[in-house]
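**Student:** Take a look at structure-v3.cif, mmCIF, C-alpha atoms:
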data_input
loop_
_atom_site.group_PDB
_atom_site.id
_atom_site.type_symbol
_atom_site.label_atom_id
_atom_site.label_comp_id
_atom_site.auth_asym_id
_atom_site.auth_seq_id
_atom_site.Cartn_x
_atom_site.Cartn_y
_atom_site.Cartn_z
ATOM 1 C CA MET Z 17 -23.931 89.715 63.795
ATOM 2 C CA SER Z 18 -25.711 87.191 61.593
ATOM 3 C CA SER Z 19 -24.186 83.785 60.888
ATOM 4 C CA PRO Z 20 -22.273 83.368 57.618
ATOM 5 C CA PHE Z 21 -23.787 79.860 57.355
ATOM 6 C CA VAL Z 22 -27.409 79.946 56.220
ATOM 7 C CA ARG Z 23 -29.520 76.834 55.766
ATOM 8 C CA THR Z 24 -31.269 76.732 52.385
ATOM 9 C CA GLU Z 25 -33.359 74.195 50.501
ATOM 10 C CA THR Z 26 -30.289 72.878 48.696
ATOM 11 C CA GLY Z 27 -27.739 72.964 51.500
ATOM 12 C CA ILE Z 28 -25.889 75.770 53.254
ATOM 13 C CA ALA Z 29 -25.184 79.186 51.767
ATOM 14 C CA LEU Z 30 -21.745 80.590 52.618
ATOM 15 C CA GLU Z 31 -21.692 84.293 53.386
ATOM 16 C CA LEU Z 32 -18.011 84.354 54.279
ATOM 17 C CA ASP Z 33 -15.515 87.025 53.314
ATOM 18 C CA ARG Z 34 -12.451 86.166 51.232
ATOM 19 C CA ASP Z 35 -10.008 86.275 54.161
ATOM 20 C CA THR Z 36 -12.061 83.788 56.160
ATOM 21 C CA ARG Z 37 -12.332 81.504 53.135
ATOM 22 C CA ARG Z 38 -8.547 81.728 52.690
ATOM 23 C CA PHE Z 39 -8.105 80.818 56.348
ATOM 24 C CA ILE Z 40 -10.385 77.777 55.978
ATOM 25 C CA ALA Z 41 -8.682 76.630 52.768
ATOM 26 C CA GLY Z 42 -5.259 77.078 54.402
ATOM 27 C CA LEU Z 43 -6.293 75.100 57.465
ATOM 28 C CA ALA Z 44 -7.577 72.280 55.233
ATOM 29 C CA ALA Z 45 -4.328 72.323 53.237
ATOM 30 C CA SER Z 46 -2.316 72.059 56.454
ATOM 31 C CA VAL Z 47 -4.468 69.136 57.624
ATOM 32 C CA LEU Z 48 -3.902 67.426 54.286
ATOM 33 C CA LEU Z 49 -0.151 68.018 54.430
ATOM 34 C CA GLY Z 50 0.029 66.923 58.060
ATOM 35 C CA SER Z 51 -1.790 63.707 57.245
ATOM 36 C CA ARG Z 52 0.748 62.883 54.504
ATOM 37 C CA ASP Z 53 3.998 64.153 55.986
ATOM 38 C CA GLY Z 54 5.073 62.848 59.391
ATOM 39 C CA THR Z 55 7.430 65.805 59.873
ATOM 40 C CA HIS Z 56 4.688 68.449 59.437
ATOM 41 C CA PRO Z 57 3.881 70.358 62.684
ATOM 42 C CA PHE Z 58 0.278 69.054 62.503
ATOM 43 C CA ALA Z 59 1.318 65.407 62.111
ATOM 44 C CA SER Z 60 1.503 64.243 65.734
ATOM 45 C CA ARG Z 61 -2.035 65.344 66.629
ATOM 46 C CA LEU Z 62 -3.404 63.771 63.440
ATOM 47 C CA ALA Z 63 -2.079 60.330 64.279
ATOM 48 C CA PRO Z 64 -2.252 59.722 68.042
ATOM 49 C CA PRO Z 65 -2.104 56.175 69.477
ATOM 50 C CA ILE Z 66 -5.444 54.329 69.354
ATOM 51 C CA THR Z 67 -5.115 51.466 71.846
ATOM 52 C CA VAL Z 68 -2.851 52.439 74.732
ATOM 53 C CA THR Z 69 -1.891 48.863 75.660
ATOM 54 C CA LYS Z 70 -0.646 47.978 72.179
ATOM 55 C CA ASP Z 71 2.931 48.571 71.069
ATOM 56 C CA GLN Z 72 1.663 49.384 67.591
ATOM 57 C CA ASP Z 73 -1.819 50.080 66.263
ATOM 58 C CA ASP Z 74 -3.327 48.053 63.439
ATOM 59 C CA PRO Z 75 -1.951 49.609 60.206
ATOM 60 C CA PHE Z 76 -5.385 49.196 58.606
ATOM 61 C CA LEU Z 77 -6.960 51.416 61.281
ATOM 62 C CA VAL Z 78 -4.196 54.001 60.928
ATOM 63 C CA LEU Z 79 -4.713 54.045 57.157
ATOM 64 C CA ALA Z 80 -8.496 54.291 57.537
ATOM 65 C CA ARG Z 81 -8.113 57.292 59.860
ATOM 66 C CA HIS Z 82 -5.736 58.956 57.415
ATOM 67 C CA ASP Z 83 -8.201 58.404 54.545
ATOM 68 C CA VAL Z 84 -11.168 59.869 56.442
ATOM 69 C CA ILE Z 85 -9.202 62.952 57.509
ATOM 70 C CA ALA Z 86 -7.647 63.500 54.062
ATOM 71 C CA THR Z 87 -10.936 63.006 52.190
ATOM 72 C CA ALA Z 88 -12.735 65.590 54.345
ATOM 73 C CA ALA Z 89 -9.840 68.057 54.009
ATOM 74 C CA GLN Z 90 -9.905 67.666 50.225
ATOM 75 C CA VAL Z 91 -13.642 68.440 50.184
ATOM 76 C CA VAL Z 92 -12.975 71.635 52.128
ATOM 77 C CA GLU Z 93 -10.134 72.686 49.813
ATOM 78 C CA GLU Z 94 -12.371 72.151 46.778
ATOM 79 C CA THR Z 95 -15.397 73.997 48.198
ATOM 80 C CA ALA Z 96 -13.836 76.798 50.264
ATOM 81 C CA PHE Z 97 -14.626 79.497 47.708
ATOM 82 C CA LEU Z 98 -18.058 78.314 46.549
ATOM 83 C CA PRO Z 99 -21.226 80.323 47.258
ATOM 84 C CA SER Z 100 -22.894 77.316 48.890
ATOM 85 C CA ILE Z 101 -22.211 73.734 49.970
ATOM 86 C CA THR Z 102 -24.324 70.659 50.618
ATOM 87 C CA ALA Z 103 -25.059 69.506 54.170
ATOM 88 C CA GLU Z 104 -22.677 66.579 53.584
ATOM 89 C CA GLN Z 105 -19.886 68.961 52.541
ATOM 90 C CA ALA Z 106 -20.665 71.074 55.609
ATOM 91 C CA GLU Z 107 -20.011 67.985 57.766
ATOM 92 C CA ALA Z 108 -16.590 67.731 56.084
ATOM 93 C CA TRP Z 109 -16.032 71.407 56.919
ATOM 94 C CA PHE Z 110 -17.003 70.771 60.551
ATOM 95 C CA GLU Z 111 -14.636 67.792 60.874
ATOM 96 C CA THR Z 112 -11.725 69.422 59.074
ATOM 97 C CA ILE Z 113 -11.915 72.699 60.981
ATOM 98 C CA GLN Z 114 -12.124 70.780 64.281
ATOM 99 C CA VAL Z 115 -9.220 68.484 63.307
ATOM 100 C CA GLY Z 116 -7.300 71.567 62.147
ATOM 101 C CA CYS Z 117 -8.044 73.413 65.392
ATOM 102 C CA GLN Z 118 -6.723 70.443 67.405
ATOM 103 C CA ALA Z 119 -3.660 70.067 65.213
ATOM 104 C CA LEU Z 120 -2.944 73.801 65.325
ATOM 105 C CA ALA Z 121 -3.158 73.737 69.129
ATOM 106 C CA GLY Z 122 -0.844 70.734 69.166
ATOM 107 C CA SER Z 123 1.671 72.451 66.919
ATOM 108 C CA LEU Z 124 1.647 75.440 69.309
ATOM 109 C CA HIS Z 125 2.158 73.118 72.317
ATOM 110 C CA VAL Z 126 -1.191 74.068 73.839
ATOM 111 C CA THR Z 127 -2.059 71.322 76.324
ATOM 112 C CA ILE Z 128 -3.730 73.280 79.145
ATOM 113 C CA VAL Z 129 -5.930 76.391 79.139
ATOM 114 C CA GLU Z 130 -3.121 78.541 80.578
ATOM 115 C CA ASP Z 131 -1.018 77.812 77.478
ATOM 116 C CA LEU Z 132 -3.444 79.941 75.455
ATOM 117 C CA ASP Z 133 -2.353 83.051 77.383
ATOM 118 C CA ARG Z 134 1.246 82.830 76.204
ATOM 119 C CA LEU Z 135 0.382 82.480 72.518
ATOM 120 C CA ASP Z 136 1.373 84.987 69.921
ATOM 121 C CA PRO Z 137 -1.737 87.175 69.212
ATOM 122 C CA ASP Z 138 -1.863 85.948 65.588
ATOM 123 C CA ASP Z 139 -1.882 82.301 66.674
ATOM 124 C CA ARG Z 140 -4.547 82.993 69.301
ATOM 125 C CA THR Z 141 -6.659 84.727 66.653
ATOM 126 C CA ARG Z 142 -6.337 81.713 64.325
ATOM 127 C CA LEU Z 143 -7.620 79.404 67.071
ATOM 128 C CA GLN Z 144 -10.446 81.820 67.893
ATOM 129 C CA ILE Z 145 -11.538 82.032 64.252
ATOM 130 C CA ALA Z 146 -11.604 78.220 64.044
ATOM 131 C CA GLN Z 147 -13.693 78.033 67.252
ATOM 132 C CA TRP Z 148 -16.059 80.748 66.000
ATOM 133 C CA LEU Z 149 -16.600 78.873 62.730
ATOM 134 C CA LEU Z 150 -17.173 75.585 64.571
ATOM 135 C CA ASP Z 151 -19.726 77.144 66.907
ATOM 136 C CA LEU Z 152 -21.689 78.530 63.961
ATOM 137 C CA LEU Z 153 -21.395 75.293 61.976
ATOM 138 C CA CYS Z 154 -22.764 73.390 64.993
ATOM 139 C CA GLU Z 155 -25.773 75.710 65.035
ATOM 140 C CA VAL Z 156 -26.552 75.482 61.330
ATOM 141 C CA LEU Z 157 -26.010 71.713 61.109
ATOM 142 C CA ASP Z 158 -28.364 71.183 64.049
ATOM 143 C CA GLU Z 159 -31.120 73.136 62.311
ATOM 144 C CA PRO Z 160 -33.757 70.977 60.607
ATOM 145 C CA GLU Z 161 -33.440 70.630 56.838
ATOM 146 C CA ILE Z 162 -35.634 72.950 54.780
ATOM 147 C CA THR Z 163 -37.997 70.970 52.589
ATOM 148 C CA GLU Z 164 -40.285 72.132 49.804
ATOM 149 C CA ASP Z 165 -43.992 71.886 50.690
ATOM 150 C CA MET G 21 -1.642 50.297 86.518
ATOM 151 C CA THR G 22 -2.909 46.728 86.587
ATOM 152 C CA THR G 23 -4.464 45.693 83.327
ATOM 153 C CA PRO G 24 -6.467 42.580 82.513
ATOM 154 C CA LEU G 25 -3.538 41.535 80.333
ATOM 155 C CA GLU G 26 -1.617 40.668 83.512
ATOM 156 C CA THR G 27 -4.235 38.166 84.670
ATOM 157 C CA PHE G 28 -4.293 35.690 81.790
ATOM 158 C CA PRO G 29 -5.072 32.087 82.615
ATOM 159 C CA GLU G 30 -1.985 29.944 82.119
ATOM 160 C CA GLY G 31 -1.756 28.559 78.603
ATOM 161 C CA SER G 32 -4.256 30.933 77.039
ATOM 162 C CA THR G 33 -3.184 32.913 74.025
ATOM 163 C CA LEU G 34 -2.706 36.611 74.525
ATOM 164 C CA THR G 35 -4.706 37.701 71.507
ATOM 165 C CA ALA G 36 -7.701 35.468 72.100
ATOM 166 C CA VAL G 37 -8.124 36.532 75.706
ATOM 167 C CA ALA G 38 -7.505 40.199 74.968
ATOM 168 C CA LEU G 39 -10.197 40.224 72.292
ATOM 169 C CA ASP G 40 -12.762 38.767 74.699
ATOM 170 C CA LEU G 41 -12.203 41.437 77.332
ATOM 171 C CA PRO G 42 -14.220 44.633 77.263
ATOM 172 C CA PHE G 43 -12.409 47.792 76.264
ATOM 173 C CA ASP G 44 -13.302 51.404 77.015
ATOM 174 C CA VAL G 45 -13.304 54.260 74.531
ATOM 175 C CA VAL G 46 -12.100 57.282 76.502
ATOM 176 C CA VAL G 47 -12.486 60.921 75.429
ATOM 177 C CA TRP G 48 -9.985 63.345 76.957
ATOM 178 C CA ASP G 49 -10.440 67.013 77.784
ATOM 179 C CA ASP G 50 -8.474 69.587 75.819
ATOM 180 C CA PRO G 51 -8.220 73.364 76.032
ATOM 181 C CA VAL G 52 -9.488 74.278 72.563
ATOM 182 C CA THR G 53 -12.512 72.112 71.765
ATOM 183 C CA LEU G 54 -15.865 73.770 72.398
ATOM 184 C CA MET G 55 -18.403 71.971 74.590
ATOM 185 C CA SER G 56 -21.010 72.135 71.827
ATOM 186 C CA VAL G 57 -18.548 70.475 69.441
ATOM 187 C CA VAL G 58 -17.860 67.553 71.836
ATOM 188 C CA THR G 59 -21.603 67.001 72.313
ATOM 189 C CA ARG G 60 -22.264 67.060 68.589
ATOM 190 C CA ILE G 61 -19.440 64.621 67.783
ATOM 191 C CA LEU G 62 -20.633 62.149 70.446
ATOM 192 C CA MET G 63 -24.155 62.319 68.997
ATOM 193 C CA LYS G 64 -22.856 61.780 65.477
ATOM 194 C CA VAL G 65 -20.344 58.996 66.135
ATOM 195 C CA PHE G 66 -22.362 56.940 68.648
ATOM 196 C CA GLY G 67 -25.901 58.031 67.785
ATOM 197 C CA TYR G 68 -26.444 59.114 71.393
ATOM 198 C CA PRO G 69 -29.401 61.346 72.231
ATOM 199 C CA LYS G 70 -28.453 64.955 73.009
ATOM 200 C CA GLN G 71 -29.018 64.557 76.760
ATOM 201 C CA LYS G 72 -26.623 61.595 77.055
ATOM 202 C CA ALA G 73 -24.009 63.217 74.822
ATOM 203 C CA HIS G 74 -24.240 66.418 76.899
ATOM 204 C CA ARG G 75 -23.827 64.462 80.154
ATOM 205 C CA LEU G 76 -20.728 62.684 78.825
ATOM 206 C CA MET G 77 -19.313 65.984 77.564
ATOM 207 C CA MET G 78 -19.763 67.483 81.052
ATOM 208 C CA THR G 79 -17.874 64.518 82.554
ATOM 209 C CA VAL G 80 -15.009 65.154 80.114
ATOM 210 C CA HIS G 81 -15.061 68.842 81.012
ATOM 211 C CA GLU G 82 -15.198 68.364 84.799
ATOM 212 C CA GLU G 83 -13.115 65.211 85.299
ATOM 213 C CA GLY G 84 -10.688 65.512 82.387
ATOM 214 C CA ARG G 85 -11.902 62.306 80.728
ATOM 215 C CA ALA G 86 -14.978 60.154 80.249
ATOM 216 C CA VAL G 87 -15.611 56.586 79.180
ATOM 217 C CA VAL G 88 -17.992 57.101 76.282
ATOM 218 C CA TRP G 89 -18.398 53.478 75.134
ATOM 219 C CA THR G 90 -17.437 49.998 76.364
ATOM 220 C CA GLY G 91 -17.371 46.780 74.365
ATOM 221 C CA GLU G 92 -15.281 44.554 72.154
ATOM 222 C CA LEU G 93 -11.856 45.733 71.056
ATOM 223 C CA ASN G 94 -12.494 45.891 67.306
ATOM 224 C CA ARG G 95 -15.531 48.134 67.670
ATOM 225 C CA ALA G 96 -13.822 50.259 70.324
ATOM 226 C CA GLU G 97 -10.900 50.882 67.968
ATOM 227 C CA ALA G 98 -13.249 51.733 65.086
ATOM 228 C CA TYR G 99 -15.096 54.247 67.274
ATOM 229 C CA CYS G 100 -11.779 55.739 68.414
ATOM 230 C CA VAL G 101 -10.709 56.218 64.796
ATOM 231 C CA ARG G 102 -13.994 58.036 64.082
ATOM 232 C CA LEU G 103 -13.416 60.281 67.106
ATOM 233 C CA HIS G 104 -9.861 61.081 65.992
ATOM 234 C CA ALA G 105 -11.080 61.832 62.478
ATOM 235 C CA SER G 106 -13.673 64.167 64.002
ATOM 236 C CA GLY G 107 -10.997 65.995 65.989
ATOM 237 C CA LEU G 108 -11.413 64.700 69.539
ATOM 238 C CA LEU G 109 -8.625 63.389 71.758
ATOM 239 C CA ALA G 110 -9.557 59.768 72.431
ATOM 240 C CA SER G 111 -8.020 56.397 73.210
ATOM 241 C CA VAL G 112 -8.923 52.768 73.826
ATOM 242 C CA GLU G 113 -7.953 51.000 77.045
ATOM 243 C CA PRO G 114 -8.895 47.778 78.837
ATOM 244 C CA SER G 115 -12.066 48.269 80.843
ATOM 245 C CA ALA G 116 -11.445 48.588 84.588
#
Render the structure in this file as structure tokens.
**Tutor:**
Amino acid sequence: MSSPFVRTETGIALELDRDTRRFIAGLAASVLLGSRDGTHPFASRLAPPITVTKDQDDPFLVLARHDVIATAAQVVEETAFLPSITAEQAEAWFETIQVGCQALAGSLHVTIVEDLDRLDPDDRTRLQIAQWLLDLLCEVLDEPEITED
Amino acid sequence: MTTPLETFPEGSTLTAVALDLPFDVVVWDDPVTLMSVVTRILMKVFGYPKQKAHRLMMTVHEEGRAVVWTGELNRAEAYCVRLHASGLLASVEPSA
């Protein structure tokens, strides 16, 4: 099966079906919500301790992390249904889907590989789709840029 | 665990000494992150060549954790924030 991410001269063409785009947009929305709301199931994995020997991390660092995560998630929400994205937007996709994959696993209490076996099939499928997208994004982002000669 | 924080010279201030000590940025293994993703994030955040990033990723995979950078606290914390924002489990701890 060919990759839905295709490198072009202007960026990356998205040959994704509507369901996959909905999944990506939903994951980004959950990341955004989790970064704003400490009670969201994604929240704990989005804000882990930074320095283990400190009672409390520098609030500036915590805020900076929140901003980076939220900005990337917003880019994904805004571009999820476009026919193509720039390489920079694709980096935001890569980061948000990976952050979302981690946060989803955290919300499902997946801490060791064996935990994956006891997941509801729908939840396992969501994680697998995220991993599939990340694998393909890795491939396309590692390809050299296409330049006009 | 004995940390360098327990060995301060008498009279020194906690913050000043702590900032002078080297700190490690540690990446932890997790059951959902792909190996290719870990390698790519290490290349992107630290600018490591693929071979070094791959070697560090294998250490994470086989030993459960790897020290991916060592240096001053402020930079270690900034790197850790980048790793968190990229979706890796990471932390900063005093260098052994």
**Student:** Between G:Gly84, G:Pro69, G:Gly107, G:Gly91, which is the closest to chain Z once you count all atoms listed in the file?
**Tutor:**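 Ranking G:Gly84, G:Pro69, G:Gly107, G:Gly91 by distance to chain Z, first place goes to G:Gly107.
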**Student:** Residues of chain Z within 6 Å of chain G, using all atoms listed in the file, as a list in words?
**Tutor:**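 My answer is Ile66, Thr67, Val68, Arg81, Ile85, Glu111, Gln114, Val115, Ile128 and Val129 of chain Z.
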**Student:** For the file shown, report as a list in words the outcome of the PyMOL selection byres ((chain Z and resi 106) around 9) at residue level.
**Tutor:**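 Selection result, ordered by chain and number: Gly27, Ile28, Val92, Ile101, Thr102, Ala103, Glu104, Gln105, Glu107, Ala108, Trp109, Phe110, Glu111, Leu153 and Leu157 of chain Z.
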**Student:** Output the residue selection produced by the PyMOL selection byres ((chain Z and resi 121) around 10) on the file above, formatted as a ChimeraX atom specification.
**Tutor:** /Z:58,61,115-120,122-127,131-132,139-140,142-143 /G:50-53
**Student:** Could you work out how far CA of Thr163 in chain Z lies from CA of Glu25 in chain Z, giving the answer in Å with one decimal?
**Tutor:**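 Value for the CA of Glu25 in chain Z-CA of Thr163 in chain Z distance: 6.0 Å.
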**Student:** Mind giving me the straight-line distance from CA of Val58 in chain G to CA of Asp151 in chain Z in Å, one decimal?
**Tutor:**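 The value is 10.9 Å.
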**Student:** May I ask for the distance between CA of Arg34 in chain Z and CA of Ala86 in chain Z, given in Å to one decimal place?
**Tutor:** 23.3 Å
**Student:** Here's a test: counting all atoms listed in the file, identify every protein, DNA and RNA residue with an atom at most 12 Å from (1.7, 65.4, 57.7) in the file's coordinate frame, and state them as a tab-separated table (two decimals) with C-alpha atoms, in the frame of the given file.
**Tutor:**
chain	number	residue	atom	x	y	z
Z	44	ALA	CA	-7.58	72.28	55.23
Z	45	ALA	CA	-4.33	72.32	53.24
Z	46	SER	CA	-2.32	72.06	56.45
Z	47	VAL	CA	-4.47	69.14	57.62
Z	48	LEU	CA	-3.90	67.43	54.29
Z	49	LEU	CA	-0.15	68.02	54.43
Z	50	GLY	CA	0.03	66.92	58.06
Z	51	SER	CA	-1.79	63.71	57.24
Z	52	ARG	CA	0.75	62.88	54.50
Z	53	ASP	CA	4.00	64.15	55.99
Z	54	GLY	CA	5.07	62.85	59.39
Z	55	THR	CA	7.43	65.81	59.87
Z	56	HIS	CA	4.69	68.45	59.44
Z	57	PRO	CA	3.88	70.36	62.68
Z	58	PHE	CA	0.28	69.05	62.50
Z	59	ALA	CA	1.32	65.41	62.11
Z	60	SER	CA	1.50	64.24	65.73
Z	61	ARG	CA	-2.04	65.34	66.63
Z	62	LEU	CA	-3.40	63.77	63.44
Z	63	ALA	CA	-2.08	60.33	64.28
Z	82	HIS	CA	-5.74	58.96	57.42
Z	85	ILE	CA	-9.20	62.95	57.51
Z	86	ALA	CA	-7.65	63.50	54.06
Z	116	GLY	CA	-7.30	71.57	62.15
Z	119	ALA	CA	-3.66	70.07	65.21
Z	123	SER	CA	1.67	72.45	66.92
**Student:** Starting from the displayed file, determine the output of the PyMOL selection byres ((chain Z and resi 30) around 10) and express the residue list as a PyMOL selection string.
**Tutor:** chain Z and resi 19-23+27-29+31-33+37+96-101
**Student:** Go through Z:Leu79, Z:Ile113, Z:Leu43, Z:Ala88 and flag the residue nearest Gln147 in chain Z, using all atoms listed in the file for the distances.
**Tutor:** Z:Ile113
**Student:** Restricting the calculation to all atoms listed in the file: of Z:Asp138, Z:Pro64, Z:Ala146, Z:Ala89, which residue gets closest to Leu77 in chain Z?
**Tutor:** Z:Pro64
**Student:** Can you report as JSON the centre and edge lengths in Å, to one decimal, of an axis-aligned box around the listed atoms of range 67-73 of chain Z padded with 5 Å on each side?
**Tutor:**
{"center_x": -1.1, "center_y": 50.2, "center_z": 71.0, "size_x": 18.0, "size_y": 14.5, "size_z": 19.4}
**Student:** For Val87 in chain G, work out the shell of residues within 9 Å, counting all atoms listed in the file and skipping chain neighbours fewer than 3 positions away, then give it as a list in words.
**Tutor:**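 So, after excluding close chain neighbours, the residues are Asp44, Val45, Val46, Val47, Leu76, Thr79, Val80 and Thr90 of chain G.
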